[in-house]
file input29.pdb (PDB, C-alpha atoms)
ATOM      1  CA  MET X   1      38.412  59.542 105.796
ATOM      2  CA  ALA X   2      37.633  57.130 102.974
ATOM      3  CA  ALA X   3      39.392  53.786 103.069
ATOM      4  CA  ARG X   4      42.505  53.721 100.909
ATOM      5  CA  PRO X   5      42.333  51.256  97.991
ATOM      6  CA  THR X   6      44.337  48.120  98.759
ATOM      7  CA  SER X   7      44.053  46.182  95.498
ATOM      8  CA  ARG X   8      44.074  46.695  91.762
ATOM      9  CA  THR X   9      40.338  46.021  91.729
ATOM     10  CA  SER X  10      39.578  48.738  94.255
ATOM     11  CA  VAL X  11      41.899  51.201  92.478
ATOM     12  CA  ALA X  12      40.118  50.468  89.205
ATOM     13  CA  ALA X  13      36.740  50.952  90.898
ATOM     14  CA  VAL X  14      37.817  54.354  92.229
ATOM     15  CA  TRP X  15      38.913  55.522  88.789
ATOM     16  CA  ILE X  16      35.797  54.158  87.134
ATOM     17  CA  THR X  17      33.716  56.110  89.648
ATOM     18  CA  ARG X  18      35.690  59.266  88.902
ATOM     19  CA  LEU X  19      35.294  58.729  85.160
ATOM     20  CA  ARG X  20      31.548  58.265  85.605
ATOM     21  CA  LEU X  21      31.360  61.493  87.599
ATOM     22  CA  LEU X  22      33.266  63.453  84.959
ATOM     23  CA  THR X  23      31.245  61.968  82.099
ATOM     24  CA  ALA X  24      27.925  62.687  83.809
ATOM     25  CA  THR X  25      29.081  66.228  84.615
ATOM     26  CA  ALA X  26      30.116  66.838  80.999
ATOM     27  CA  LEU X  27      26.732  65.634  79.755
ATOM     28  CA  LEU X  28      24.817  67.824  82.186
ATOM     29  CA  TRP X  29      26.960  70.866  81.487
ATOM     30  CA  GLY X  30      26.445  70.355  77.750
ATOM     31  CA  LEU X  31      22.666  70.333  78.163
ATOM     32  CA  LEU X  32      22.759  73.405  80.397
ATOM     33  CA  HIS X  33      25.074  75.268  78.034
ATOM     34  CA  PHE X  34      23.549  74.333  74.674
ATOM     35  CA  VAL X  35      19.868  73.890  75.620
ATOM     36  CA  ALA X  36      18.986  75.699  78.854
ATOM     37  CA  GLY X  37      21.260  78.640  78.088
ATOM     38  CA  PRO X  38      19.860  79.649  74.675
ATOM     39  CA  LEU X  39      16.255  78.746  75.536
ATOM     40  CA  ALA X  40      16.000  79.913  79.148
ATOM     41  CA  VAL X  41      18.808  82.230  80.226
ATOM     42  CA  PRO X  42      20.405  83.989  77.242
ATOM     43  CA  ARG X  43      23.700  85.498  78.309
ATOM     44  CA  GLY X  44      24.915  89.011  77.778
ATOM     45  CA  LEU X  45      28.056  90.780  78.839
ATOM     46  CA  ASP X  46      28.337  90.731  82.621
ATOM     47  CA  ARG X  47      24.904  89.103  83.001
ATOM     48  CA  PRO X  48      24.556  86.352  85.626
ATOM     49  CA  VAL X  49      23.198  82.867  84.998
ATOM     50  CA  LEU X  50      19.987  83.408  86.921
ATOM     51  CA  LEU X  51      16.458  82.312  86.044
ATOM     52  CA  ALA X  52      15.150  85.535  87.552
ATOM     53  CA  ALA X  53      17.227  87.472  85.004
ATOM     54  CA  ALA X  54      15.646  85.678  82.031
ATOM     55  CA  PRO X  55      13.342  87.689  79.743
ATOM     56  CA  HIS X  56      10.525  85.212  80.518
ATOM     57  CA  PRO X  57      11.157  83.741  83.996
ATOM     58  CA  LEU X  58       8.325  81.154  84.100
ATOM     59  CA  PRO X  59       9.204  79.413  80.800
ATOM     60  CA  ALA X  60      12.853  79.674  81.814
ATOM     61  CA  ALA X  61      12.098  77.901  85.088
ATOM     62  CA  LEU X  62      10.216  75.132  83.272
ATOM     63  CA  VAL X  63      13.026  74.661  80.767
ATOM     64  CA  GLY X  64      15.608  74.636  83.546
ATOM     65  CA  VAL X  65      13.793  71.950  85.548
ATOM     66  CA  VAL X  66      13.132  69.788  82.455
ATOM     67  CA  VAL X  67      16.753  70.012  81.332
ATOM     68  CA  LEU X  68      18.026  69.080  84.798
ATOM     69  CA  LEU X  69      15.627  66.136  84.978
ATOM     70  CA  ALA X  70      16.461  64.890  81.484
ATOM     71  CA  GLY X  71      20.183  65.318  81.978
ATOM     72  CA  GLY X  72      20.009  63.921  85.492
ATOM     73  CA  THR X  73      18.179  60.815  84.252
ATOM     74  CA  ALA X  74      20.892  60.154  81.686
ATOM     75  CA  ALA X  75      23.528  60.873  84.335
ATOM     76  CA  LEU X  76      21.909  58.277  86.622
ATOM     77  CA  PHE X  77      22.646  55.538  84.104
ATOM     78  CA  ILE X  78      26.171  56.850  83.506
ATOM     79  CA  ALA X  79      26.712  56.858  87.277
ATOM     80  CA  GLY X  80      25.428  53.305  87.657
ATOM     81  CA  ARG X  81      22.148  54.541  89.210
ATOM     82  CA  ASP X  82      24.155  55.977  92.084
ATOM     83  CA  GLY X  83      22.120  58.872  93.487
ATOM     84  CA  HIS X  84      25.078  60.345  95.412
ATOM     85  CA  LEU X  85      27.219  60.471  92.292
ATOM     86  CA  THR X  86      24.412  61.864  90.153
ATOM     87  CA  LEU X  87      23.678  64.770  92.479
ATOM     88  CA  MET X  88      27.412  65.484  92.712
ATOM     89  CA  ALA X  89      27.491  65.671  88.904
ATOM     90  CA  VAL X  90      24.466  67.983  88.915
ATOM     91  CA  GLY X  91      26.142  70.262  91.449
ATOM     92  CA  LEU X  92      29.411  70.367  89.550
ATOM     93  CA  ALA X  93      27.640  71.044  86.244
ATOM     94  CA  LEU X  94      25.620  73.895  87.765
ATOM     95  CA  ALA X  95      28.772  75.454  89.194
ATOM     96  CA  LEU X  96      30.531  75.226  85.815
ATOM     97  CA  TRP X  97      27.525  76.694  84.023
ATOM     98  CA  ALA X  98      27.348  79.611  86.437
ATOM     99  CA  ALA X  99      31.071  80.236  85.948
ATOM    100  CA  GLU X 100      30.853  80.650  82.178
ATOM    101  CA  GLY X 101      32.449  83.859  81.035
ATOM    102  CA  GLY X 102      35.183  83.743  83.650
ATOM    103  CA  ALA X 103      35.989  87.094  85.200
ATOM    104  CA  ARG X 104      33.589  88.818  82.781
ATOM    105  CA  GLY X 105      30.684  86.530  83.655
ATOM    106  CA  GLY X 106      27.926  87.919  85.803
ATOM    107  CA  THR X 107      28.036  87.647  89.600
ATOM    108  CA  MET X 108      25.619  88.687  92.347
ATOM    109  CA  GLU X 109      27.067  92.180  92.024
ATOM    110  CA  SER X 110      26.058  92.149  88.358
ATOM    111  CA  TRP X 111      22.533  91.053  89.272
ATOM    112  CA  LEU X 112      22.162  93.954  91.695
ATOM    113  CA  ARG X 113      23.230  96.405  88.967
ATOM    114  CA  PHE X 114      20.843  94.725  86.528
ATOM    115  CA  ALA X 115      17.882  94.672  88.951
ATOM    116  CA  ASN X 116      18.301  98.231  90.257
ATOM    117  CA  GLU X 117      17.448 100.413  87.276
ATOM    118  CA  ARG X 118      18.290 103.620  89.090
ATOM    119  CA  PRO X 119      21.161 104.060  91.560
ATOM    120  CA  GLY X 120      20.035 104.575  95.107
ATOM    121  CA  PRO X 121      20.033 103.120  98.607
ATOM    122  CA  PRO X 122      19.865  99.323  98.949
ATOM    123  CA  SER X 123      16.479  97.695  98.418
ATOM    124  CA  GLY X 124      15.237  94.210  99.223
ATOM    125  CA  THR X 125      13.487  93.893  95.850
ATOM    126  CA  PRO X 126      16.348  92.168  93.934
ATOM    127  CA  TYR X 127      16.623  89.389  96.522
ATOM    128  CA  TRP X 128      13.054  88.042  96.400
ATOM    129  CA  PRO X 129      13.357  86.645  92.832
ATOM    130  CA  LEU X 130      16.306  84.535  94.004
ATOM    131  CA  LEU X 131      13.801  82.367  95.876
ATOM    132  CA  ALA X 132      12.313  81.264  92.535
ATOM    133  CA  ASP X 133      15.710  79.888  91.492
ATOM    134  CA  TYR X 134      16.034  78.022  94.773
ATOM    135  CA  ALA X 135      12.501  76.622  94.390
ATOM    136  CA  CYS X 136      13.236  75.315  90.872
ATOM    137  CA  LEU X 137      16.496  73.741  91.992
ATOM    138  CA  ALA X 138      14.787  72.160  95.015
ATOM    139  CA  VAL X 139      12.099  70.582  92.796
ATOM    140  CA  ALA X 140      14.673  69.244  90.327
ATOM    141  CA  LEU X 141      16.940  67.781  93.011
ATOM    142  CA  ALA X 142      14.045  66.201  94.923
ATOM    143  CA  LEU X 143      12.644  64.566  91.769
ATOM    144  CA  LEU X 144      16.090  63.282  90.822
ATOM    145  CA  THR X 145      16.607  61.667  94.218
ATOM    146  CA  VAL X 146      13.211  59.915  93.958
ATOM    147  CA  LEU X 147      13.969  58.853  90.396
ATOM    148  CA  SER X 148      17.344  57.423  91.411
ATOM    149  CA  GLU X 149      15.736  55.291  94.122
ATOM    150  CA  TRP X 150      13.004  54.175  91.730
ATOM    151  CA  LEU X 151      15.510  53.089  89.083
ATOM    152  CA  ARG X 152      17.464  51.139  91.693
ATOM    153  CA  SER X 153      14.418  49.122  92.792
ATOM    154  CA  ASP X 154      13.918  45.614  91.485
ATOM    155  CA  ALA X 155      10.519  46.248  89.931
ATOM    156  CA  VAL X 156       9.006  49.238  88.173
ATOM    157  CA  SER X 157       5.447  49.872  89.323
ATOM    158  CA  GLU X 158       3.305  52.485  90.997
ATOM    159  CA  ARG X 159       4.024  50.861  94.347
ATOM    160  CA  SER X 160       7.770  50.881  93.773
ATOM    161  CA  TRP X 161       7.570  54.571  92.768
ATOM    162  CA  GLN X 162       5.779  55.407  96.019
ATOM    163  CA  ARG X 163       8.291  53.412  98.028
ATOM    164  CA  ALA X 164      11.194  55.077  96.230
ATOM    165  CA  ALA X 165       9.765  58.475  97.174
ATOM    166  CA  ARG X 166       9.542  57.415 100.816
ATOM    167  CA  VAL X 167      13.133  56.140 100.766
ATOM    168  CA  ALA X 168      14.483  59.282  99.042
ATOM    169  CA  LEU X 169      12.602  61.733 101.260
ATOM    170  CA  ALA X 170      13.277  59.845 104.514
ATOM    171  CA  PRO X 171       9.828  59.235 106.111
ATOM    172  CA  ASP X 172      10.578  55.491 106.430
ATOM    173  CA  GLU X 173      13.952  55.933 108.090
ATOM    174  CA  PRO X 174      14.512  54.518 111.610
ATOM    175  CA  PRO X 175      13.092  56.696 114.425
ATOM    176  CA  ALA X 176      16.539  57.944 115.478
ATOM    177  CA  GLU X 177      17.340  59.074 111.932
ATOM    178  CA  ARG X 178      13.962  60.804 111.552
ATOM    179  CA  ARG X 179      14.437  62.557 114.867
ATOM    180  CA  LEU X 180      18.033  63.616 114.278
ATOM    181  CA  GLY X 181      17.730  64.320 110.546
ATOM    182  CA  PRO X 182      16.331  67.870 110.869
ATOM    183  CA  LEU X 183      18.960  68.601 113.515
ATOM    184  CA  ALA X 184      21.655  67.398 111.103
ATOM    185  CA  LEU X 185      20.244  69.687 108.422
ATOM    186  CA  LEU X 186      20.279  72.686 110.751
ATOM    187  CA  LEU X 187      23.770  71.937 112.076
ATOM    188  CA  THR X 188      25.208  71.488 108.581
ATOM    189  CA  THR X 189      23.583  74.728 107.442
ATOM    190  CA  LEU X 190      24.720  76.660 110.531
ATOM    191  CA  VAL X 191      28.362  75.596 110.297
ATOM    192  CA  ALA X 192      28.423  76.123 106.525
ATOM    193  CA  GLY X 193      26.875  79.564 106.932
ATOM    194  CA  ILE X 194      29.383  80.706 109.549
ATOM    195  CA  VAL X 195      32.347  79.485 107.505
ATOM    196  CA  THR X 196      30.962  80.992 104.303
ATOM    197  CA  VAL X 197      30.407  84.420 105.851
ATOM    198  CA  ILE X 198      33.950  84.411 107.224
ATOM    199  CA  LEU X 199      35.628  83.270 104.014
ATOM    200  CA  THR X 200      33.751  85.604 101.679
ATOM    201  CA  GLY X 201      35.678  88.392 103.345
ATOM    202  CA  PRO X 202      34.690  92.025 103.973
ATOM    203  CA  VAL X 203      31.144  92.809 102.881
ATOM    204  CA  ALA X 204      32.146  95.958 101.010
ATOM    205  CA  GLN X 205      34.761  94.333  98.759
ATOM    206  CA  ALA X 206      34.038  93.296  95.176
ATOM    207  CA  VAL X 207      32.428  89.890  94.534
ATOM    208  CA  TYR X 208      34.944  87.411  93.116
ATOM    209  CA  ARG X 209      33.569  84.105  91.860
ATOM    210  CA  GLY X 210      36.638  82.123  92.864
ATOM    211  CA  GLN X 211      36.419  83.402  96.425
ATOM    212  CA  VAL X 212      32.680  82.664  96.533
ATOM    213  CA  TYR X 213      33.221  79.093  95.319
ATOM    214  CA  PHE X 214      36.007  78.571  97.824
ATOM    215  CA  ALA X 215      33.904  79.932 100.703
ATOM    216  CA  VAL X 216      30.825  77.856  99.884
ATOM    217  CA  GLY X 217      32.846  74.701  99.174
ATOM    218  CA  VAL X 218      34.838  74.879 102.391
ATOM    219  CA  GLY X 219      31.691  75.835 104.275
ATOM    220  CA  PHE X 220      29.783  72.710 103.265
ATOM    221  CA  PHE X 221      32.807  70.491 103.640
ATOM    222  CA  ALA X 222      33.114  71.769 107.222
ATOM    223  CA  GLY X 223      29.379  71.596 107.872
ATOM    224  CA  THR X 224      29.054  68.012 106.669
ATOM    225  CA  TRP X 225      32.240  66.930 108.435
ATOM    226  CA  VAL X 226      31.100  68.371 111.765
ATOM    227  CA  THR X 227      27.619  66.892 111.465
ATOM    228  CA  THR X 228      28.783  63.393 110.556
ATOM    229  CA  HIS X 229      31.195  63.439 113.495
ATOM    230  CA  LEU X 230      28.580  64.587 116.013
ATOM    231  CA  LEU X 231      25.437  62.837 114.791
ATOM    232  CA  PRO X 232      24.768  59.289 113.483
ATOM    233  CA  VAL X 233      22.898  60.643 110.454
ATOM    234  CA  ARG X 234      23.858  59.576 106.945
ATOM    235  CA  HIS X 235      20.716  59.991 104.842
ATOM    236  CA  PRO X 236      21.706  62.251 101.902
ATOM    237  CA  LEU X 237      18.492  64.305 102.097
ATOM    238  CA  TRP X 238      19.734  66.183 105.158
ATOM    239  CA  PHE X 239      22.941  67.172 103.360
ATOM    240  CA  TRP X 240      21.986  67.998  99.762
ATOM    241  CA  SER X 241      19.126  70.152 101.053
ATOM    242  CA  ALA X 242      21.427  72.216 103.291
ATOM    243  CA  PRO X 243      22.701  74.508 100.471
ATOM    244  CA  LEU X 244      19.081  75.203  99.525
ATOM    245  CA  LEU X 245      18.203  76.113 103.097
ATOM    246  CA  LEU X 246      21.284  78.306 103.459
ATOM    247  CA  GLY X 247      20.560  80.156 100.226
ATOM    248  CA  ILE X 248      16.899  80.696 101.095
ATOM    249  CA  VAL X 249      17.723  82.004 104.572
ATOM    250  CA  GLY X 250      20.397  84.280 103.150
ATOM    251  CA  ALA X 251      18.084  85.697 100.469
ATOM    252  CA  ILE X 252      15.148  86.281 102.834
ATOM    253  CA  ALA X 253      17.382  87.990 105.396
ATOM    254  CA  ALA X 254      18.829  90.248 102.682
ATOM    255  CA  ALA X 255      15.377  91.035 101.289
ATOM    256  CA  LEU X 256      14.074  92.015 104.717
ATOM    257  CA  HIS X 257      17.257  93.891 105.720
ATOM    258  CA  PRO X 258      19.155  94.974 102.549
ATOM    259  CA  THR X 259      21.773  96.790 104.656
ATOM    260  CA  LEU X 260      22.127  93.841 107.053
ATOM    261  CA  LEU X 261      25.915  93.837 107.489
ATOM    262  CA  LEU X 262      26.833  96.816 105.333
ATOM    263  CA  PRO X 263      29.052  99.413 107.011
ATOM    264  CA  GLU X 264      27.450 102.842 107.401
ATOM    265  CA  LEU X 265      29.698 104.248 104.662
ATOM    266  CA  TYR X 266      28.223 101.892 102.006
ATOM    267  CA  ARG X 267      24.529 102.098 102.876
ATOM    268  CA  GLY X 268      23.879 104.567 100.087
ATOM    269  CA  THR X 269      24.731 102.221  97.209
ATOM    270  CA  ASP X 270      22.609  99.344  95.914
ATOM    271  CA  THR X 271      25.262  97.263  94.160
ATOM    272  CA  ILE X 272      26.831  95.659  97.258
ATOM    273  CA  PRO X 273      25.293  92.391  98.566
ATOM    274  CA  ALA X 274      23.751  92.737 102.013
ATOM    275  CA  TRP X 275      25.920  90.041 103.582
ATOM    276  CA  GLY X 276      28.121  87.046 102.850
ATOM    277  CA  LEU X 277      25.301  84.546 102.326
ATOM    278  CA  VAL X 278      24.030  86.384  99.239
ATOM    279  CA  ARG X 279      27.381  86.957  97.587
ATOM    280  CA  ALA X 280      26.819  83.694  95.716
ATOM    281  CA  LEU X 281      24.130  83.268  93.073
ATOM    282  CA  PRO X 282      21.625  80.440  93.690
ATOM    283  CA  LEU X 283      23.324  78.242  91.076
ATOM    284  CA  GLU X 284      26.663  78.834  92.777
ATOM    285  CA  THR X 285      25.409  78.125  96.297
ATOM    286  CA  VAL X 286      23.526  74.982  95.293
ATOM    287  CA  GLY X 287      26.067  73.746  92.752
ATOM    288  CA  VAL X 288      29.177  74.051  94.892
ATOM    289  CA  GLY X 289      27.324  73.286  98.132
ATOM    290  CA  VAL X 290      25.681  70.057  96.945
ATOM    291  CA  PHE X 291      28.926  68.796  95.455
ATOM    292  CA  ALA X 292      30.971  69.578  98.585
ATOM    293  CA  ALA X 293      28.376  68.182 101.001
ATOM    294  CA  LEU X 294      27.834  64.908  99.140
ATOM    295  CA  TRP X 295      31.540  64.430  98.404
ATOM    296  CA  THR X 296      32.232  64.702 102.130
ATOM    297  CA  LEU X 297      29.280  62.464 103.006
ATOM    298  CA  ARG X 298      30.406  59.875 100.466
ATOM    299  CA  THR X 299      33.681  59.469 102.346
ATOM    300  CA  LYS X 300      31.675  58.749 105.513
ATOM    301  CA  ALA X 301      29.052  56.323 104.295
ATOM    302  CA  PRO X 302      28.845  53.647 101.569
ATOM    303  CA  PRO X 303      26.173  53.928  98.854
ATOM    304  CA  ARG X 304      22.697  53.167 100.175
ATOM    305  CA  PRO X 305      21.231  49.745  99.315
ATOM    306  CA  ALA X 306      18.554  49.574  96.662
ATOM    307  CA  PRO X 307      15.001  49.814  97.984
ATOM    308  CA  THR X 308      13.042  46.574  98.126
ATOM    309  CA  THR X 309       9.628  46.222  96.569
ATOM    310  CA  SER X 310       8.079  43.758  98.999
TER     311      SER X 310
END

call {"tool": "encode", "arguments": {"input": "input29.pdb", "output": "structure tokens"}}
result
Amino acid sequence: MAARPTSRTSVAAVWITRLRLLTATALLWGLLHFVAGPLAVPRGLDRPVLLAAAPHPLPAALVGVVVLLAGGTAALFIAGRDGHLTLMAVGLALALWAAEGGARGGTMESWLRFANERPGPPSGTPYWPLLADYACLAVALALLTVLSEWLRSDAVSERSWQRAARVALAPDEPPAERRLGPLALLLTTLVAGIVTVILTGPVAQAVYRGQVYFAVGVGFFAGTWVTTHLLPVRHPLWFWSAPLLLGIVGAIAAALHPTLLLPELYRGTDTIPAWGLVRALPLETVGVGVFAALWTLRTKAPPRPAPTTS
């Protein structure tokens, strides 16, 4: 657990950090709502926030990545160039954006109705476009982590940019960290996946956003907690990338086997997600998952030192 504040200074620092997180989240949500929404993913009744559902997916993807990078850059300064805090703000903002509309907002169930023009048996076709959302989110998050390291370096140059990329993406980590990092990623993803499938409940029940958020959040809290207790790995790359890996695996499995865990009785309808790992939209999996994983990791490890430029 995180150390409990023992002085007025440390209490003030905790609240300043929380205020920075909330301010950065509000800024990012505002950009997603007022810029990315109208330009990239116009909403309709019961329509999910999904780049694949946009009238023009490629421009929507470009707008989405640009908005996340622009908002994330501003959030970096609000967060004191703290990469952990910035990615937490990005995750929280994505989750809030996906939740717009409340109970009437679109879920994965809505996407399946939208993608399947004619009722029929389950098909893998609606799941493949989800990979485009995960790819866009992966690019945005990776660029933000490199940018955060670059802004924390003492000098701004081509060399410092290259070094920041190596620090953010872990090739210069000690041998033990490089060796155990992929294992940490797989362990975090495995534990999170098992917990998520259990907590999303019976496959045939309706998709409820609150239950999905709870399942994914607890899943990545558990996954990160288990990993940090079993392995001496603390580089954030292996934790913020876990929700991406989980979502990609879930979507590919559903695309290849659209009746994966569906009971025999429900294999004639195409509006029920194939299994628990695709009951969350990409924005929901990545948003809630990144926030939960990095919040848990932050209680285990102090912020990383700024990269040197020597």

call {"tool": "resolve_selection", "arguments": {"input": "input29.pdb", "expression": "the PyMOL selection byres ((chain X and resi 145) around 12)", "output": "PyMOL selection string"}}
result
chain X and resi 69+72-73+76+81-88+90+138-144+146-152+161+164-170+235-237+240-241

call {"tool": "atom_distance", "arguments": {"input": "input29.pdb", "atom1": "CA of Ala13 in chain X", "atom2": "CA of Leu68 in chain X"}}
result
26.8 Å

call {"tool": "residues_around", "arguments": {"input": "input29.pdb", "residues": "Leu190 in chain X", "least_positions_apart": "2", "cutoff": "12 Å", "atoms": "all atoms listed in the file", "output": "PyMOL selection string"}}
result
chain X and resi 183-188+192-197+219-220+222-224+226-227+242-243+245-247+249-250+277

call {"tool": "resolve_selection", "arguments": {"input": "input29.pdb", "expression": "the PyMOL selection byres ((chain X and resi 232) around 10)", "output": "MDAnalysis selection string"}}
result
chainID X and resid 176:177 180:181 184 227:231 233:235

call {"tool": "residues_around", "arguments": {"input": "input29.pdb", "residues": "Leu62 in chain X", "least_positions_apart": "4", "cutoff": "12 Å", "atoms": "only C-alpha atoms", "output": "list of chain:residue names"}}
result
X:Ala36, X:Leu39, X:Ala40, X:Val41, X:Leu51, X:Ala54, X:His56, X:Pro57, X:Leu58, X:Val66, X:Val67, X:Leu68, X:Leu69, X:Ala132, X:Asp133, X:Ala135, X:Cys136, X:Leu137, X:Val139, X:Ala140

call {"tool": "atom_distance", "arguments": {"input": "input29.pdb", "atom1": "CA of Gly80 in chain X", "atom2": "CA of Leu19 in chain X"}}
result
11.5 Å

call {"tool": "residues_around", "arguments": {"input": "input29.pdb", "residues": "range 94-101 of chain X", "least_positions_apart": "4", "cutoff": "6 Å", "atoms": "all atoms listed in the file", "output": "MDAnalysis selection string"}}
result
chainID X and resid 49 105 283:284 287:288

call {"tool": "resolve_selection", "arguments": {"input": "input29.pdb", "expression": "the PyMOL selection byres ((chain X and resi 32) around 9)", "output": "JSON list (two decimals) with C-alpha atoms, keeping the file's coordinate frame"}}
result
[["chain", "number", "residue", "atom", "x", "y", "z"],
["X", 27, "LEU", "CA", 26.73, 65.63, 79.76],
["X", 28, "LEU", "CA", 24.82, 67.82, 82.19],
["X", 29, "TRP", "CA", 26.96, 70.87, 81.49],
["X", 30, "GLY", "CA", 26.44, 70.36, 77.75],
["X", 31, "LEU", "CA", 22.67, 70.33, 78.16],
["X", 33, "HIS", "CA", 25.07, 75.27, 78.03],
["X", 34, "PHE", "CA", 23.55, 74.33, 74.67],
["X", 35, "VAL", "CA", 19.87, 73.89, 75.62],
["X", 36, "ALA", "CA", 18.99, 75.70, 78.85],
["X", 37, "GLY", "CA", 21.26, 78.64, 78.09],
["X", 38, "PRO", "CA", 19.86, 79.65, 74.68],
["X", 64, "GLY", "CA", 15.61, 74.64, 83.55],
["X", 67, "VAL", "CA", 16.75, 70.01, 81.33],
["X", 68, "LEU", "CA", 18.03, 69.08, 84.80],
["X", 71, "GLY", "CA", 20.18, 65.32, 81.98],
["X", 93, "ALA", "CA", 27.64, 71.04, 86.24],
["X", 94, "LEU", "CA", 25.62, 73.90, 87.76],
["X", 97, "TRP", "CA", 27.52, 76.69, 84.02]]

call {"tool": "atom_distance", "arguments": {"input": "input29.pdb", "atom1": "CA of Pro263 in chain X", "atom2": "CA of Pro48 in chain X"}}
result
25.5 Å

call {"tool": "closest_residue", "arguments": {"input": "input29.pdb", "among": "X:Ala274, X:Ala61, X:Leu281, X:Ile248", "to": "Met108 in chain X", "atoms": "only C-alpha atoms"}}
result
X:Leu281

call {"tool": "closest_residue", "arguments": {"input": "input29.pdb", "among": "X:Pro273, X:Gly268, X:Pro182, X:Pro129", "to": "Val203 in chain X", "atoms": "all atoms listed in the file"}}
result
X:Pro273

call {"tool": "residues_near_point", "arguments": {"input": "input29.pdb", "point": "(29.8, 66.7, 103.4)", "cutoff": "7 Å", "atoms": "all atoms listed in the file", "output": "ChimeraX atom specification"}}
result
/X:220-221,223-225,239,292-297

call {"tool": "write_last_selection", "arguments": {"input": "input29.pdb", "atoms": "C-alpha atoms", "output": "tab-separated table (two decimals), keeping the file's coordinate frame"}}
result
chain	number	residue	atom	x	y	z
X	220	PHE	CA	29.78	72.71	103.26
X	221	PHE	CA	32.81	70.49	103.64
X	223	GLY	CA	29.38	71.60	107.87
X	224	THR	CA	29.05	68.01	106.67
X	225	TRP	CA	32.24	66.93	108.44
X	239	PHE	CA	22.94	67.17	103.36
X	292	ALA	CA	30.97	69.58	98.58
X	293	ALA	CA	28.38	68.18	101.00
X	294	LEU	CA	27.83	64.91	99.14
X	295	TRP	CA	31.54	64.43	98.40
X	296	THR	CA	32.23	64.70	102.13
X	297	LEU	CA	29.28	62.46	103.01

call {"tool": "closest_residue", "arguments": {"input": "input29.pdb", "among": "X:Ala70, X:Ala89, X:Ala52, X:Ile78", "to": "Ile16 in chain X", "atoms": "only C-alpha atoms"}}
result
X:Ile78

call {"tool": "closest_residue", "arguments": {"input": "input29.pdb", "among": "X:Ala253, X:Leu130, X:Arg179, X:Pro121", "to": "Leu265 in chain X", "atoms": "only C-alpha atoms"}}
result
X:Pro121

call {"tool": "closest_residue", "arguments": {"input": "input29.pdb", "among": "X:Gln211, X:Gln162, X:Thr23, X:Thr271", "to": "Pro126 in chain X", "atoms": "all atoms listed in the file"}}
result
X:Thr271

call {"tool": "axis_aligned_box", "arguments": {"input": "input29.pdb", "around": "range 54-64 of chain X", "padding_each_side": "5 Å", "output": "AutoDock Vina command-line options"}}
result
--center_x 12.0 --center_y 81.2 --center_z 82.4 --size_x 17.3 --size_y 23.1 --size_z 15.3

call {"tool": "residues_around", "arguments": {"input": "input29.pdb", "residues": "Trp111 in chain X", "least_positions_apart": "4", "cutoff": "8 Å", "atoms": "only C-alpha atoms", "output": "list in words"}}
result
Arg47, Pro48, Ala53, Gly106, Thr107, Ala115 and Pro126 of chain X

call {"tool": "build_atoms", "arguments": {"input": "input29.pdb", "residues": "range 82-93 of chain X", "atoms": "N, CA and C atoms", "output": "tab-separated table (two decimals), in the frame of the given file"}}
result
chain	number	residue	atom	x	y	z
X	82	ASP	N	23.67	55.53	90.78
X	82	ASP	CA	24.16	55.98	92.08
X	82	ASP	C	23.66	57.40	92.32
X	83	GLY	N	22.70	57.56	93.24
X	83	GLY	CA	22.12	58.87	93.49
X	83	GLY	C	23.12	59.89	94.00
X	84	HIS	N	24.03	59.45	94.90
X	84	HIS	CA	25.08	60.34	95.41
X	84	HIS	C	25.86	60.94	94.25
X	85	LEU	N	26.35	60.05	93.39
X	85	LEU	CA	27.22	60.47	92.29
X	85	LEU	C	26.47	61.38	91.31
X	86	THR	N	25.21	61.06	91.08
X	86	THR	CA	24.41	61.86	90.15
X	86	THR	C	24.22	63.28	90.67
X	87	LEU	N	23.86	63.43	91.94
X	87	LEU	CA	23.68	64.77	92.48
X	87	LEU	C	25.00	65.54	92.54
X	88	MET	N	26.10	64.83	92.77
X	88	MET	CA	27.41	65.48	92.71
X	88	MET	C	27.67	66.02	91.31
X	89	ALA	N	27.32	65.23	90.29
X	89	ALA	CA	27.49	65.67	88.90
X	89	ALA	C	26.60	66.87	88.60
X	90	VAL	N	25.37	66.85	89.10
X	90	VAL	CA	24.47	67.98	88.92
X	90	VAL	C	25.06	69.23	89.55
X	91	GLY	N	25.55	69.12	90.78
X	91	GLY	CA	26.14	70.26	91.45
X	91	GLY	C	27.34	70.81	90.70
X	92	LEU	N	28.22	69.92	90.27
X	92	LEU	CA	29.41	70.37	89.55
X	92	LEU	C	29.05	71.02	88.22
X	93	ALA	N	28.07	70.47	87.52
X	93	ALA	CA	27.64	71.04	86.24
X	93	ALA	C	27.02	72.43	86.44
